[in-house]
Number of protein chains: 2
Amino acid sequence: MTSLDLTADVVTLTEQLVDIESVSGNEGVIADAVEEQLRALAHLEVSRIGNNVVARTHHAQAERVVIAGHLDTVPVNDNLPARRDETSLHGLGTCDMKGGVAVALRIAATMPATNRDVTFLFYDCEEVEAERNGLKHLGESHPELLQADFAILMEPSDAAVEAGCQGTMRVDVTTRGERAHSARSWRGVNAIHAAADILARLNAYEPRRPVIDGLEYHEGLNAVFVRGGVAGNVLPDECTVSVNYRFAPDRSEEQALAHVREVFTGYDIEVTDTSPGALPGLSVPAAAAFVQAVGGEVNPKFGWTDVSRFSALGIPAVNFGPGDPHLAHKQEEQVPLAQLHLVETRLRTWLEPNGGQIASAP
Amino acid sequence: MTSLDLTADVVTLTEQLVDIESVSGNEGVIADAVEEQLRALAHLEVSRIGNNVVARTHHAQAERVVIAGHLDTVPVNDNLPARRDETSLHGLGTCDMKGGVAVALRIAATMPATNRDVTFLFYDCEEVEAERNGLKHLGESHPELLQADFAILMEPSDAAVEAGCQGTMRVDVTTRGERAHSARSWRGVNAIHAAADILARLNAYEPRRPVIDGLEYHEGLNAVFVRGGVAGNVLPDECTVSVNYRFAPDRSEEQALAHVREVFTGYDIEVTDTSPGALPGLSVPAAAAFVQAVGGEVNPKFGWTDVSRFSALGIPAVNFGPGDPHLAHKQEEQVPLAQLHLVETRLRTWLEPNGGQIASAP
């Protein structure tokens, strides 16, 4: 079995995790290695469900928090094994998100006592279709394992807190016309020409920027696909503009759809995909304490992440992890060594039983 | 060998031609049958080039005319064999254009003397890409066989003369933008949104309706395809509108392109396909005499047809054949029996050596 050393420093541990290739669907080896290390720790109760590993403390603390990360990566792109230079660790998964997983494993291994009970959660298939997502599966099959007052998803956020996430909805907006030979175009109605009005409404659209819990979100309404056409000599009778609405978490999916219907009044609308946003939930005491402990910098999360799955379970959640989120899925992804140390230190401080002194890494 | 009877009436002969299946690329049997019948006629010199058959009179008349038709059809669509009712003959090719071919064969077989020399021309692969077109091949390999003062293409025209044809040009008009994640759309430029202006120009476009040789043509500028999009969460950096310009024959291809460039000033334009129009050429004596002989009704031809190939060889040409052109390529295509007889009678009158009396069909 490929082995991990949880007593090594966080950079070395990240490197070890990166060098266990774990493209979505192929997480068996890395899940085995994680499970093996966690089972050796007396203060943790470990559950293995598929390629998901859950490890829980039982200190009878008043509060329980989840610290979660996915074990999978996007496909290999000539960027393995890991390579370290003076400032960064480079390679597939360094940023998204084995750096965050390494921090979580370090905390699990080196803090036998914590001021909050902790549920460490490592899951599979985050980088592929939602139906395969390990966190989704766990939420459906073992919701008791996810129960907590607060959750931290260790997705890359440049070591700052990114709170909540915006929802996303895709709709097809379709125009209808009447086919005719293009040599006698006055006999038909061109559905592509009719789409001018849809695009004009998109151009005139003013996205909302609502402030929620002190964070400014930024919506967007954008065509992501357009398609129409029958043949090179035929006026098309149908044209579809696929529109992606990114909506701030003060709107439900129902409210988002009502808004989109209003923008495109008069057109056929078909929803092809939708995921709710997640409110930042920073007013919850556990969340507020976390923000304070890690330095107070909080940004809104524009993209959709699995924090929304916690939110759907009634658990406030934030993203907090090492690495620049814009480097995720890029061949040249990397994580700054300093951020790995910083994130570990901040989590450690927050969970320290004697309450709040910055602890030195063991 | 499947046989034809050129002494049968034109409806029966059309039926025989229809029942020899001859989808483009499969014209061998029908070309053999046509060639066999024409070679039996002493007043014709017959040439066979591929699946093209050319039969010429040599009466030393002052004028020579081409009477032409294609032997192929679009694919079978559960519409063979031919079926006759009281008013029409139904089935694949009845309209496009074995009715016209039957008329031409009847004239060839039953008029050993004519007041003009005639070149009967039957060719293959009209219904497919231009590179396979038999008339195009003959024009390139045996231009001497096509030499004439005037040409009649027996495409369906409801037994009226359709003169000239409009040209056709396809261009791709492309917008450029800048990709961005749709969750942070303000970082990019949406190329689909930018296409609103292209569609607005198309909506505002006023097509010309020039009058040429007394015929009113009718241009058109239409989007026939639109495509754009990278992924469901990405602002696209490119959107292409494919536009088809149908232009009256008073404009050359160069003039047509200049016009399209003017309409879409500021955009990348790529020409993907172009074919010139054909002027009606009704002022040429042979053409004027023909129009007078067949009743004087002349309409402009909006669609592009092979008359343009004759025009390119310097030979004025018209469409004149039985059948409603709107039924071409439809499963339910048919030809009125009365039009088959009418077109045969009118051609016969025009070619009668004693000059212009309506002859009874033999």
# chains A, B, ... in the order shown; residues from 1 in each chain; ligands from 1
>>> interface_residues(of="chain B", to="chain A", cutoff="6 Å", atoms="only C-alpha atoms", output="ChimeraX atom specification")
/B:183,193,196,199-200,224-229,232,235,302-303
>>> select_by_dssp(residues="range 119-200 of chain A", states="strand (DSSP E)", output="VMD selection string")
chain A and resid 119 to 123 150 to 153 161 to 163 167 to 176 180 to 181
>>> closest_atom_pairs(of="range 219-318 of chain A", to="range 137-158 of chain A", cutoff="6 Å", atoms="only C-alpha atoms", output="Markdown table")
| residue | atom | partner | partner_atom | distance |
| --- | --- | --- | --- | --- |
| A:Ile315 | CA | A:Phe150 | CA | 5.5 |
| A:Pro316 | CA | A:Phe150 | CA | 5.1 |
| A:Ala317 | CA | A:Ala151 | CA | 4.4 |
| A:Val318 | CA | A:Ile152 | CA | 5.2 |
>>> residues_around(residues="Leu342 in chain B", least_positions_apart="6", cutoff="12 Å", atoms="only C-alpha atoms", output="PDB file with N, CA, C and O atoms, in the first residue's frame")
ATOM      1  N   VAL B  10     -46.514  11.279 -73.580  1.00  0.00           N
ATOM      2  CA  VAL B  10     -45.539  11.866 -72.653  1.00  0.00           C
ATOM      3  C   VAL B  10     -45.780  11.431 -71.206  1.00  0.00           C
ATOM      4  O   VAL B  10     -44.834  11.297 -70.415  1.00  0.00           O
ATOM      5  N   VAL B  11     -47.020  11.166 -70.846  1.00  0.00           N
ATOM      6  CA  VAL B  11     -47.301  10.727 -69.474  1.00  0.00           C
ATOM      7  C   VAL B  11     -46.741   9.314 -69.259  1.00  0.00           C
ATOM      8  O   VAL B  11     -46.062   9.044 -68.257  1.00  0.00           O
ATOM      9  N   GLY B  99     -40.447  14.542 -65.843  1.00  0.00           N
ATOM     10  CA  GLY B  99     -41.471  15.038 -66.760  1.00  0.00           C
ATOM     11  C   GLY B  99     -40.834  15.869 -67.862  1.00  0.00           C
ATOM     12  O   GLY B  99     -41.135  15.710 -69.051  1.00  0.00           O
ATOM     13  N   GLY B 100     -39.924  16.740 -67.480  1.00  0.00           N
ATOM     14  CA  GLY B 100     -39.212  17.561 -68.462  1.00  0.00           C
ATOM     15  C   GLY B 100     -38.333  16.719 -69.373  1.00  0.00           C
ATOM     16  O   GLY B 100     -38.248  16.969 -70.593  1.00  0.00           O
ATOM     17  N   VAL B 103     -40.532  15.087 -71.982  1.00  0.00           N
ATOM     18  CA  VAL B 103     -40.888  16.023 -73.061  1.00  0.00           C
ATOM     19  C   VAL B 103     -39.721  16.133 -74.049  1.00  0.00           C
ATOM     20  O   VAL B 103     -39.906  16.053 -75.278  1.00  0.00           O
ATOM     21  N   ASP B 158     -43.729  25.258 -63.590  1.00  0.00           N
ATOM     22  CA  ASP B 158     -45.181  25.371 -63.753  1.00  0.00           C
ATOM     23  C   ASP B 158     -45.541  25.736 -65.187  1.00  0.00           C
ATOM     24  O   ASP B 158     -46.517  26.462 -65.421  1.00  0.00           O
ATOM     25  N   ALA B 159     -44.763  25.232 -66.129  1.00  0.00           N
ATOM     26  CA  ALA B 159     -45.019  25.431 -67.557  1.00  0.00           C
ATOM     27  C   ALA B 159     -44.947  26.887 -67.999  1.00  0.00           C
ATOM     28  O   ALA B 159     -45.445  27.242 -69.061  1.00  0.00           O
ATOM     29  N   ALA B 160     -44.338  27.737 -67.144  1.00  0.00           N
ATOM     30  CA  ALA B 160     -44.082  29.122 -67.543  1.00  0.00           C
ATOM     31  C   ALA B 160     -42.571  29.271 -67.706  1.00  0.00           C
ATOM     32  O   ALA B 160     -41.802  28.434 -67.242  1.00  0.00           O
ATOM     33  N   VAL B 294     -43.982  30.385 -76.703  1.00  0.00           N
ATOM     34  CA  VAL B 294     -44.577  29.574 -75.638  1.00  0.00           C
ATOM     35  C   VAL B 294     -45.613  30.340 -74.829  1.00  0.00           C
ATOM     36  O   VAL B 294     -46.069  29.865 -73.793  1.00  0.00           O
ATOM     37  N   GLY B 295     -45.979  31.536 -75.276  1.00  0.00           N
ATOM     38  CA  GLY B 295     -47.118  32.175 -74.653  1.00  0.00           C
ATOM     39  C   GLY B 295     -46.832  33.484 -73.963  1.00  0.00           C
ATOM     40  O   GLY B 295     -47.733  34.158 -73.479  1.00  0.00           O
ATOM     41  N   PHE B 320     -37.819  26.088 -68.173  1.00  0.00           N
ATOM     42  CA  PHE B 320     -39.166  25.921 -68.726  1.00  0.00           C
ATOM     43  C   PHE B 320     -39.504  24.442 -68.644  1.00  0.00           C
ATOM     44  O   PHE B 320     -38.972  23.629 -69.406  1.00  0.00           O
ATOM     45  N   GLY B 321     -40.365  24.090 -67.698  1.00  0.00           N
ATOM     46  CA  GLY B 321     -40.698  22.680 -67.573  1.00  0.00           C
ATOM     47  C   GLY B 321     -41.991  22.461 -66.830  1.00  0.00           C
ATOM     48  O   GLY B 321     -42.511  23.378 -66.174  1.00  0.00           O
ATOM     49  N   PRO B 322     -42.520  21.249 -66.920  1.00  0.00           N
ATOM     50  CA  PRO B 322     -43.765  20.919 -66.218  1.00  0.00           C
ATOM     51  C   PRO B 322     -43.508  20.689 -64.731  1.00  0.00           C
ATOM     52  O   PRO B 322     -42.456  20.202 -64.343  1.00  0.00           O
ATOM     53  N   GLY B 323     -44.482  21.042 -63.906  1.00  0.00           N
ATOM     54  CA  GLY B 323     -44.393  20.745 -62.472  1.00  0.00           C
ATOM     55  C   GLY B 323     -44.181  22.000 -61.645  1.00  0.00           C
ATOM     56  O   GLY B 323     -43.547  22.963 -62.080  1.00  0.00           O
ATOM     57  N   VAL B 335     -46.608  15.683 -60.882  1.00  0.00           N
ATOM     58  CA  VAL B 335     -46.658  16.604 -62.016  1.00  0.00           C
ATOM     59  C   VAL B 335     -48.060  16.507 -62.632  1.00  0.00           C
ATOM     60  O   VAL B 335     -48.594  15.403 -62.808  1.00  0.00           O
ATOM     61  N   PRO B 336     -48.675  17.661 -62.920  1.00  0.00           N
ATOM     62  CA  PRO B 336     -50.008  17.623 -63.545  1.00  0.00           C
ATOM     63  C   PRO B 336     -49.903  17.079 -64.978  1.00  0.00           C
ATOM     64  O   PRO B 336     -49.043  17.527 -65.750  1.00  0.00           O
ATOM     65  N   ARG B 348     -43.020  21.922 -79.260  1.00  0.00           N
ATOM     66  CA  ARG B 348     -43.224  21.416 -80.619  1.00  0.00           C
ATOM     67  C   ARG B 348     -43.581  22.565 -81.562  1.00  0.00           C
ATOM     68  O   ARG B 348     -43.033  22.689 -82.661  1.00  0.00           O
ATOM     69  N   THR B 349     -44.478  23.418 -81.143  1.00  0.00           N
ATOM     70  CA  THR B 349     -44.886  24.575 -81.948  1.00  0.00           C
ATOM     71  C   THR B 349     -43.677  25.441 -82.296  1.00  0.00           C
ATOM     72  O   THR B 349     -43.488  25.873 -83.437  1.00  0.00           O
ATOM     73  N   ILE B 358     -49.819  25.398 -84.022  1.00  0.00           N
ATOM     74  CA  ILE B 358     -49.791  24.424 -82.946  1.00  0.00           C
ATOM     75  C   ILE B 358     -50.030  23.048 -83.552  1.00  0.00           C
ATOM     76  O   ILE B 358     -51.063  22.789 -84.157  1.00  0.00           O
ATOM     77  N   ALA B 359     -49.046  22.192 -83.418  1.00  0.00           N
ATOM     78  CA  ALA B 359     -49.144  20.858 -84.009  1.00  0.00           C
ATOM     79  C   ALA B 359     -49.804  19.921 -83.010  1.00  0.00           C
ATOM     80  O   ALA B 359     -49.651  20.063 -81.807  1.00  0.00           O
ATOM     81  N   SER B 360     -50.518  18.957 -83.524  1.00  0.00           N
ATOM     82  CA  SER B 360     -51.071  17.941 -82.619  1.00  0.00           C
ATOM     83  C   SER B 360     -49.983  16.917 -82.349  1.00  0.00           C
ATOM     84  O   SER B 360     -49.151  16.641 -83.201  1.00  0.00           O
ATOM     85  N   ALA B 361     -50.000  16.372 -81.141  1.00  0.00           N
ATOM     86  CA  ALA B 361     -48.979  15.372 -80.810  1.00  0.00           C
ATOM     87  C   ALA B 361     -49.187  14.147 -81.678  1.00  0.00           C
ATOM     88  O   ALA B 361     -50.318  13.762 -81.914  1.00  0.00           O
TER      89      ALA B 361
END
>>> closest_residue(among="B:Val343, B:Leu4, B:Val260, B:Leu215", to="Asp32 in chain B", atoms="only C-alpha atoms")
B:Leu4
>>> residues_around(residues="Asn299 in chain A", least_positions_apart="4", cutoff="7 Å", atoms="only C-alpha atoms", output="PyMOL selection string")
chain A and resi 161-163+215
>>> atom_distance(atom1="CA of Asn77 in chain A", atom2="CA of Ser308 in chain A")
28.8 Å
>>> closest_residue(among="A:Gln37, A:Thr87, A:Asn79, A:Thr14", to="Ala338 in chain A", atoms="only C-alpha atoms")
A:Thr87
>>> closest_residue(among="A:Asn115, A:Thr73, A:Asn52, A:Thr174", to="Val128 in chain A", atoms="only C-alpha atoms")
A:Thr73
>>> select_by_dssp(residues="range 18-67 of chain B", states="alpha helix (DSSP H)", output="MDAnalysis selection string")
chainID B and resid 18 28:39
>>> residues_around(residues="Glu45 in chain A", least_positions_apart="3", cutoff="9 Å", atoms="only C-alpha atoms", output="MDAnalysis selection string")
chainID A and resid 38:39 41:42 54:58
>>> write_last_selection(atoms="N, CA and C atoms", output="mmCIF file, in the first residue's frame")
data_model
loop_
_atom_site.group_PDB
_atom_site.id
_atom_site.type_symbol
_atom_site.label_atom_id
_atom_site.label_comp_id
_atom_site.auth_asym_id
_atom_site.auth_seq_id
_atom_site.Cartn_x
_atom_site.Cartn_y
_atom_site.Cartn_z
ATOM 1 N N LEU A 38 -5.573 7.283 9.412
ATOM 2 C CA LEU A 38 -6.539 7.789 10.392
ATOM 3 C C LEU A 38 -6.941 6.697 11.388
ATOM 4 N N ARG A 39 -7.004 5.445 10.928
ATOM 5 C CA ARG A 39 -7.385 4.345 11.824
ATOM 6 C C ARG A 39 -6.324 4.127 12.918
ATOM 7 N N LEU A 41 -5.083 6.370 14.659
ATOM 8 C CA LEU A 41 -5.192 7.447 15.650
ATOM 9 C C LEU A 41 -6.336 7.146 16.615
ATOM 10 N N ALA A 42 -5.972 7.014 17.908
ATOM 11 C CA ALA A 42 -6.931 6.533 18.905
ATOM 12 C C ALA A 42 -8.081 7.507 19.132
ATOM 13 N N VAL A 54 -14.515 9.122 6.654
ATOM 14 C CA VAL A 54 -14.982 10.081 7.657
ATOM 15 C C VAL A 54 -14.320 9.718 8.981
ATOM 16 N N ALA A 55 -13.715 10.719 9.642
ATOM 17 C CA ALA A 55 -13.046 10.467 10.923
ATOM 18 C C ALA A 55 -13.543 11.509 11.917
ATOM 19 N N ARG A 56 -14.086 11.050 13.067
ATOM 20 C CA ARG A 56 -14.724 11.962 14.020
ATOM 21 C C ARG A 56 -14.085 11.890 15.408
ATOM 22 N N THR A 57 -13.880 13.056 16.008
ATOM 23 C CA THR A 57 -13.502 13.103 17.429
ATOM 24 C C THR A 57 -14.788 12.997 18.252
ATOM 25 N N HIS A 58 -14.631 12.514 19.499
ATOM 26 C CA HIS A 58 -15.788 12.474 20.415
ATOM 27 C C HIS A 58 -15.346 13.022 21.759
#
>>> atom_distance(atom1="CA of Ala104 in chain A", atom2="CA of Pro276 in chain A")
26.8 Å
